[in-house]
Amino acid sequence: MTIRIAGGQGFYGDTPRSVAGLLDEGVDYLCLEALAELTLAILQKDRQRDETRGFTKDLPFYLGAALPAIADGRTKVITNAGGMNPTAAARAAIDTARRLGVTGIKVATVVGDDLMTRLPAFRDAGATLSHLDTGASFDTFPADPVFAAAYLGARPIVDALAQGADVVITGRCADAALFLAPLVHEHGWAWDDWDRLASGMLVGHLLECSGQVAGGNFTGDGWWDLPHPWDLPYPIAEVDADGTAVITKPRSSGGRVSFDTVRHQLLYEVHDPTRYLGPDVVSDFTTAQFADLGDDRVRVTGTRGTPATDTYKALLAYHAGWSGEARVAFSWPDAYEKARITAAILAKRVEMAGHAVDEWCFEYWGVDALGGPTVPDREGADPPEVALRAAWRCADRNTAAAIPRELVPLTLSAAPAGLTGMGRGMGGSTSELLGIWPTLVDKTLVDPGVAVTVEEVV
Amino acid sequence: MKLRLHELCGYRAGDKGDVSNVALFASDDETYDVIVREVTAARVKEHFGSMVRGEVVRYEARNVRALNFVMDAALGGGGPSSLRSDNLGKTLGGALVRMEIDVPDHLADRRRPRPDVTWTNEILDRLPHR
């Protein structure tokens, strides 16, 4: 038996128009991956403003496109669009189904990833919550946590599928677990069948960023000449019971699936490829063998896995001040010098105004805004034009908002000639910054809070 | 002879917190052996200078002829708090392949072609402009 799973979403901002093309090809499961680290921060802000929010707002559009196929039993949807509020997302899913006249389907909700209220108990139970990258002690955590979420695994999703769920909505879980779960459920893989679990994680990893496996963000030969690239390619994996998978894409889409496009995605956001840490298995991506079958099909075999660790990764966030930014541009001659002088005058005037700035970032677009020290000979650059982007961080929102007032008068009254804005406005809106704190938490602490509920739409 | 990495290799960058990883892809085994020799973690750390404040660790994935560089404290504090325009380090792959390395002369034949794009004109030239 071969199970066909699709990656219909790779982030919050992807397009629900992926769904029609994938369903036309026939997929057993449509997996929608909506969460990045940054997304959790965005959704947390939504939930702070309104307790009924905190999930990705485009979920009803994805479901709207998929519901006819779900109602016919042609596909099931698994998504982490629940974000910081899976219960509210499930409510929205049920409302969407009712609005479209679809009843009789089952919507499952996975909760328990949200650790906010449980952190004190975890600390009492001996959890260190040290920073995963820096090793810093939780005693130095800079403020009260704004959110805390564990990356759950595939098990609760498999539970939901076993209970007959047609739509499964989770909060934070490991991206690839969304794809592993239907494979475990359909193929009956055991939770200690490490090689098959690793094969499933690798497939999930390849599909979780939607078109990035099929020519998106591609730098291989001919990247500029992929077939009709405006028809964005969303990927499909055909996975056998032994873990062998073929990565492909709808014939109607543009892009390409080749050894080169697939390997580009293999290491995306991976650290040690011999130990890709997931909640359910540790996968060795260097054991995978790829065969380019042509015709946009790449076969993956041989992935090996080892037992999962005793911990889940979790992500905590804290308020880290307010940012603001502004952009102005200059032409040749002396464009770079004009931009630097403007940066210096701005910083000086902000000092004189008594505004406390905790951090500045000046970028010289056209010189080294993106490349920094990797740009050769940047100090002597004489570019035809330069844009200055100034960004700043302040403890106080009003201070962050006041800083552009020190920039605008330079238009007439400072020497650098020809200061122009970039389109309408100079920027100037403020944003809340969130520091993030990755950590590890014992599964035995997290699991008792994990629960699956299934509700039939009536 | 000296070549820039982009003439030989593909690349992709990703982020986790304040950690950026950049993968580098060689087109054949010989090129892979050259980048294994030339593109060390220490060279990458030096190349990025003040952009990467932490340690750089290199991993090899010979099954796909790739090197993976994991760079700590590389994103100005990490996506949701970085002041950088490129707060996720999406462009750091391009920054890496600007690096110049020593290669055997015959690898000059394996230089990748520059983009040769004409189809864009069919779209852009028919748009209303003023």
# chains A, B, ... in the order shown; residues from 1 in each chain; ligands from 1
>>> residues_around(residues="Arg114 of chain B", least_positions_apart="3", cutoff="12 Å", atoms="only C-alpha atoms", output="MDAnalysis selection string")
(chainID A and resid 219:225) or (chainID B and resid 6:8 111 117)
>>> write_last_selection(atoms="N, CA and C atoms", output="mmCIF file, in the first residue's frame")
data_model
loop_
_atom_site.group_PDB
_atom_site.id
_atom_site.type_symbol
_atom_site.label_atom_id
_atom_site.label_comp_id
_atom_site.auth_asym_id
_atom_site.auth_seq_id
_atom_site.Cartn_x
_atom_site.Cartn_y
_atom_site.Cartn_z
ATOM 1 N N THR A 219 19.002 27.097 -5.949
ATOM 2 C CA THR A 219 20.193 27.753 -6.489
ATOM 3 C C THR A 219 20.981 26.837 -7.418
ATOM 4 N N GLY A 220 20.415 25.675 -7.753
ATOM 5 C CA GLY A 220 21.117 24.755 -8.640
ATOM 6 C C GLY A 220 21.124 25.239 -10.080
ATOM 7 N N ASP A 221 21.764 24.479 -10.940
ATOM 8 C CA ASP A 221 21.881 24.875 -12.338
ATOM 9 C C ASP A 221 20.496 25.108 -12.944
ATOM 10 N N GLY A 222 20.373 26.209 -13.650
ATOM 11 C CA GLY A 222 19.125 26.514 -14.344
ATOM 12 C C GLY A 222 18.009 26.995 -13.436
ATOM 13 N N TRP A 223 18.371 27.477 -12.251
ATOM 14 C CA TRP A 223 17.319 27.913 -11.317
ATOM 15 C C TRP A 223 16.439 28.996 -11.938
ATOM 16 N N TRP A 224 16.977 29.750 -12.873
ATOM 17 C CA TRP A 224 16.247 30.876 -13.453
ATOM 18 C C TRP A 224 15.282 30.434 -14.553
ATOM 19 N N ASP A 225 15.321 29.178 -14.887
ATOM 20 C CA ASP A 225 14.608 28.719 -16.070
ATOM 21 C C ASP A 225 13.713 27.521 -15.767
ATOM 22 N N HIS B 6 30.280 30.421 -5.576
ATOM 23 C CA HIS B 6 29.021 30.398 -6.333
ATOM 24 C C HIS B 6 29.228 29.875 -7.749
ATOM 25 N N GLU B 7 30.479 29.902 -8.211
ATOM 26 C CA GLU B 7 30.742 29.387 -9.559
ATOM 27 C C GLU B 7 30.710 27.865 -9.584
ATOM 28 N N LEU B 8 30.762 27.245 -8.399
ATOM 29 C CA LEU B 8 30.820 25.782 -8.312
ATOM 30 C C LEU B 8 29.649 25.162 -7.558
ATOM 31 N N ARG B 111 32.655 25.497 -14.115
ATOM 32 C CA ARG B 111 31.991 26.693 -13.637
ATOM 33 C C ARG B 111 30.542 26.710 -14.108
ATOM 34 N N VAL B 117 18.374 34.958 -18.894
ATOM 35 C CA VAL B 117 16.920 35.053 -18.722
ATOM 36 C C VAL B 117 16.324 35.924 -19.808
#
>>> interface_residues(of="chain B", to="chain A", cutoff="6 Å", atoms="only C-alpha atoms", output="MDAnalysis selection string")
chainID B and resid 10 14:15 47:49 61 63 80:81 95
>>> closest_residue(among="B:Phe69, B:Leu124, B:Asp28, B:Tyr11", to="Arg110 of chain B", atoms="only C-alpha atoms")
B:Asp28
>>> residues_around(residues="Pro384 of chain A", least_positions_apart="6", cutoff="9 Å", atoms="only C-alpha atoms", output="list in words")
Phe330, Ser331, Trp332, Pro333, Asp334, Ala335 and Gly366 of chain A
>>> write_last_selection(atoms="N, CA and C atoms", output="CSV table (one decimal), in the first residue's frame")
chain,number,residue,atom,x,y,z
A,330,PHE,N,19.9,57.9,-1.4
A,330,PHE,CA,20.8,58.9,-2.0
A,330,PHE,C,21.3,58.4,-3.4
A,331,SER,N,21.6,59.4,-4.3
A,331,SER,CA,22.2,59.0,-5.6
A,331,SER,C,23.7,59.3,-5.6
A,332,TRP,N,24.3,58.8,-6.6
A,332,TRP,CA,25.7,59.2,-6.9
A,332,TRP,C,25.7,60.7,-7.3
A,333,PRO,N,26.7,61.5,-7.1
A,333,PRO,CA,28.0,61.1,-6.5
A,333,PRO,C,28.0,61.0,-5.0
A,334,ASP,N,28.9,60.3,-4.4
A,334,ASP,CA,29.2,60.2,-3.0
A,334,ASP,C,28.0,59.7,-2.2
A,335,ALA,N,27.2,58.7,-2.9
A,335,ALA,CA,26.0,58.2,-2.2
A,335,ALA,C,26.3,57.6,-0.9
A,366,GLY,N,22.8,48.6,-1.3
A,366,GLY,CA,23.6,49.0,-2.4
A,366,GLY,C,25.1,48.8,-2.1
>>> select_by_dssp(residues="chain B", states="strand (DSSP E or B)", output="MDAnalysis selection string")
chainID B and resid 2:4 9:16 19:26 56:61 66:71 100:102
>>> closest_residue(among="B:Val56, B:Leu3, B:Leu92, B:Ile123", to="Val70 of chain B", atoms="only C-alpha atoms")
B:Val56
>>> select_by_dssp(residues="chain B", states="helix (DSSP H, G or I)", output="PyMOL selection string")
chain B and resi 5-7+29-38+41-51+62-64+92-96+105-110+119-124
>>> write_last_selection(atoms="C-alpha atoms", output="short mmCIF file (atom, residue, chain, number, x, y, z; two decimals), in the first residue's frame")
data_model
loop_
_atom_site.label_atom_id
_atom_site.label_comp_id
_atom_site.auth_asym_id
_atom_site.auth_seq_id
_atom_site.Cartn_x
_atom_site.Cartn_y
_atom_site.Cartn_z
CA LEU B 5 32.14 29.33 -4.45
CA HIS B 6 29.02 30.40 -6.33
CA GLU B 7 30.74 29.39 -9.56
CA ASP B 29 32.61 14.10 -6.12
CA GLU B 30 35.80 15.88 -7.14
CA THR B 31 34.32 19.31 -6.49
CA TYR B 32 33.02 18.00 -3.19
CA ASP B 33 36.49 16.90 -2.15
CA VAL B 34 37.80 20.36 -3.04
CA ILE B 35 35.25 22.17 -0.87
CA VAL B 36 35.79 19.68 1.97
CA ARG B 37 39.46 20.68 1.86
CA GLU B 38 39.05 24.41 1.30
CA ALA B 41 34.68 26.03 9.63
CA ALA B 42 37.52 28.41 10.55
CA ARG B 43 37.49 30.01 7.08
CA VAL B 44 33.73 30.46 7.20
CA LYS B 45 33.96 32.07 10.62
CA GLU B 46 36.60 34.47 9.32
CA HIS B 47 34.60 35.18 6.14
CA PHE B 48 31.52 36.34 8.06
CA GLY B 49 33.52 38.49 10.48
CA SER B 50 31.34 40.56 12.82
CA MET B 51 28.11 39.15 11.32
CA ARG B 62 28.49 13.03 1.50
CA ASN B 63 25.30 11.27 0.38
CA VAL B 64 24.21 14.58 -1.16
CA LEU B 92 23.53 34.30 4.23
CA GLY B 93 23.90 31.50 1.67
CA GLY B 94 24.65 34.11 -0.97
CA ALA B 95 27.08 35.77 1.43
CA LEU B 96 28.92 32.47 1.94
CA ASP B 105 42.84 24.57 -12.87
CA HIS B 106 40.76 21.98 -14.70
CA LEU B 107 37.75 22.76 -12.49
CA ALA B 108 37.43 25.95 -14.54
CA ASP B 109 35.39 23.85 -17.00
CA ARG B 110 32.86 23.10 -14.32
CA TRP B 119 11.17 35.00 -20.55
CA THR B 120 10.83 37.83 -18.02
CA ASN B 121 10.69 40.36 -20.88
CA GLU B 122 7.50 38.81 -22.23
CA ILE B 123 5.81 39.68 -18.94
CA LEU B 124 7.51 42.91 -17.97
#
>>> decode(residues="segment 51-89 of chain B", atoms="N, CA and C atoms", output="compact mmCIF listing (two decimals), in the first residue's frame")
# COMPACT_ATOMS: atom_id res chain seq x y z
N MET B 51 29.51 39.60 11.49
CA MET B 51 28.11 39.15 11.32
C MET B 51 27.81 37.93 12.15
N VAL B 52 28.82 37.07 12.35
CA VAL B 52 28.64 35.83 13.09
C VAL B 52 29.49 35.93 14.36
N ARG B 53 28.82 36.10 15.49
CA ARG B 53 29.56 36.36 16.73
C ARG B 53 29.94 35.06 17.43
N GLY B 54 29.27 33.97 17.09
CA GLY B 54 29.52 32.71 17.79
C GLY B 54 30.37 31.75 16.98
N GLU B 55 30.35 30.51 17.45
CA GLU B 55 31.16 29.45 16.86
C GLU B 55 30.54 28.99 15.53
N VAL B 56 31.40 28.51 14.63
CA VAL B 56 30.92 27.88 13.40
C VAL B 56 31.32 26.41 13.44
N VAL B 57 30.35 25.52 13.26
CA VAL B 57 30.61 24.08 13.22
C VAL B 57 30.24 23.57 11.83
N ARG B 58 31.07 22.70 11.27
CA ARG B 58 30.80 22.16 9.94
C ARG B 58 30.40 20.68 10.03
N TYR B 59 29.38 20.30 9.30
CA TYR B 59 28.98 18.90 9.18
C TYR B 59 29.06 18.49 7.72
N GLU B 60 29.38 17.21 7.49
CA GLU B 60 29.46 16.70 6.12
C GLU B 60 28.29 15.77 5.84
N ALA B 61 27.73 15.88 4.65
CA ALA B 61 26.69 14.95 4.20
C ALA B 61 27.09 14.50 2.80
N ARG B 62 27.94 13.47 2.78
CA ARG B 62 28.49 13.03 1.50
C ARG B 62 27.43 12.41 0.60
N ASN B 63 26.36 11.89 1.21
CA ASN B 63 25.30 11.27 0.38
C ASN B 63 24.68 12.27 -0.59
N VAL B 64 24.72 13.56 -0.23
CA VAL B 64 24.21 14.58 -1.16
C VAL B 64 25.31 15.59 -1.53
N ARG B 65 26.56 15.21 -1.28
CA ARG B 65 27.73 16.05 -1.59
C ARG B 65 27.54 17.46 -1.04
N ALA B 66 27.22 17.51 0.27
CA ALA B 66 26.95 18.81 0.90
C ALA B 66 27.79 19.01 2.15
N LEU B 67 28.09 20.27 2.40
CA LEU B 67 28.63 20.70 3.69
C LEU B 67 27.56 21.57 4.35
N ASN B 68 27.44 21.43 5.66
CA ASN B 68 26.45 22.21 6.40
C ASN B 68 27.18 22.99 7.49
N PHE B 69 27.08 24.31 7.40
CA PHE B 69 27.75 25.18 8.38
C PHE B 69 26.70 25.71 9.36
N VAL B 70 26.93 25.42 10.63
CA VAL B 70 26.01 25.87 11.67
C VAL B 70 26.70 26.99 12.43
N MET B 71 26.10 28.17 12.38
CA MET B 71 26.75 29.39 12.85
C MET B 71 25.95 29.97 14.02
N ASP B 72 26.59 30.05 15.16
CA ASP B 72 25.95 30.47 16.39
C ASP B 72 26.00 31.99 16.51
N ALA B 73 25.00 32.55 17.17
CA ALA B 73 24.92 34.00 17.38
C ALA B 73 25.17 34.73 16.06
N ALA B 74 24.35 34.38 15.07
CA ALA B 74 24.58 34.82 13.69
C ALA B 74 23.47 35.72 13.15
N LEU B 75 22.41 35.93 13.91
CA LEU B 75 21.25 36.63 13.35
C LEU B 75 20.85 37.85 14.17
N GLY B 76 21.81 38.48 14.78
CA GLY B 76 21.51 39.70 15.53
C GLY B 76 20.52 39.47 16.65
N GLY B 77 20.53 38.26 17.23
CA GLY B 77 19.64 37.97 18.35
C GLY B 77 18.53 36.99 18.01
N GLY B 78 18.31 36.73 16.73
CA GLY B 78 17.26 35.79 16.33
C GLY B 78 16.05 36.52 15.79
N GLY B 79 15.32 35.84 14.88
CA GLY B 79 14.24 36.44 14.09
C GLY B 79 13.37 37.47 14.79
N PRO B 80 12.67 37.11 15.87
CA PRO B 80 11.69 38.05 16.42
C PRO B 80 12.31 39.22 17.20
N SER B 81 13.62 39.23 17.41
CA SER B 81 14.20 40.38 18.11
C SER B 81 15.32 41.06 17.34
N SER B 82 15.71 40.52 16.19
CA SER B 82 16.81 41.10 15.42
C SER B 82 16.37 42.39 14.73
N LEU B 83 17.25 43.37 14.70
CA LEU B 83 16.97 44.62 13.98
C LEU B 83 17.33 44.53 12.50
N ARG B 84 17.97 43.46 12.10
CA ARG B 84 18.39 43.35 10.70
C ARG B 84 17.19 43.23 9.76
N SER B 85 17.32 43.78 8.55
CA SER B 85 16.29 43.54 7.53
C SER B 85 16.15 42.05 7.30
N ASP B 86 17.27 41.38 7.14
CA ASP B 86 17.26 39.93 6.91
C ASP B 86 17.37 39.24 8.27
N ASN B 87 16.31 39.36 9.04
CA ASN B 87 16.37 38.85 10.42
C ASN B 87 16.40 37.33 10.48
N LEU B 88 16.06 36.67 9.38
CA LEU B 88 16.09 35.20 9.36
C LEU B 88 17.33 34.67 8.63
N GLY B 89 18.17 35.56 8.14
CA GLY B 89 19.40 35.11 7.49
C GLY B 89 19.19 34.40 6.17
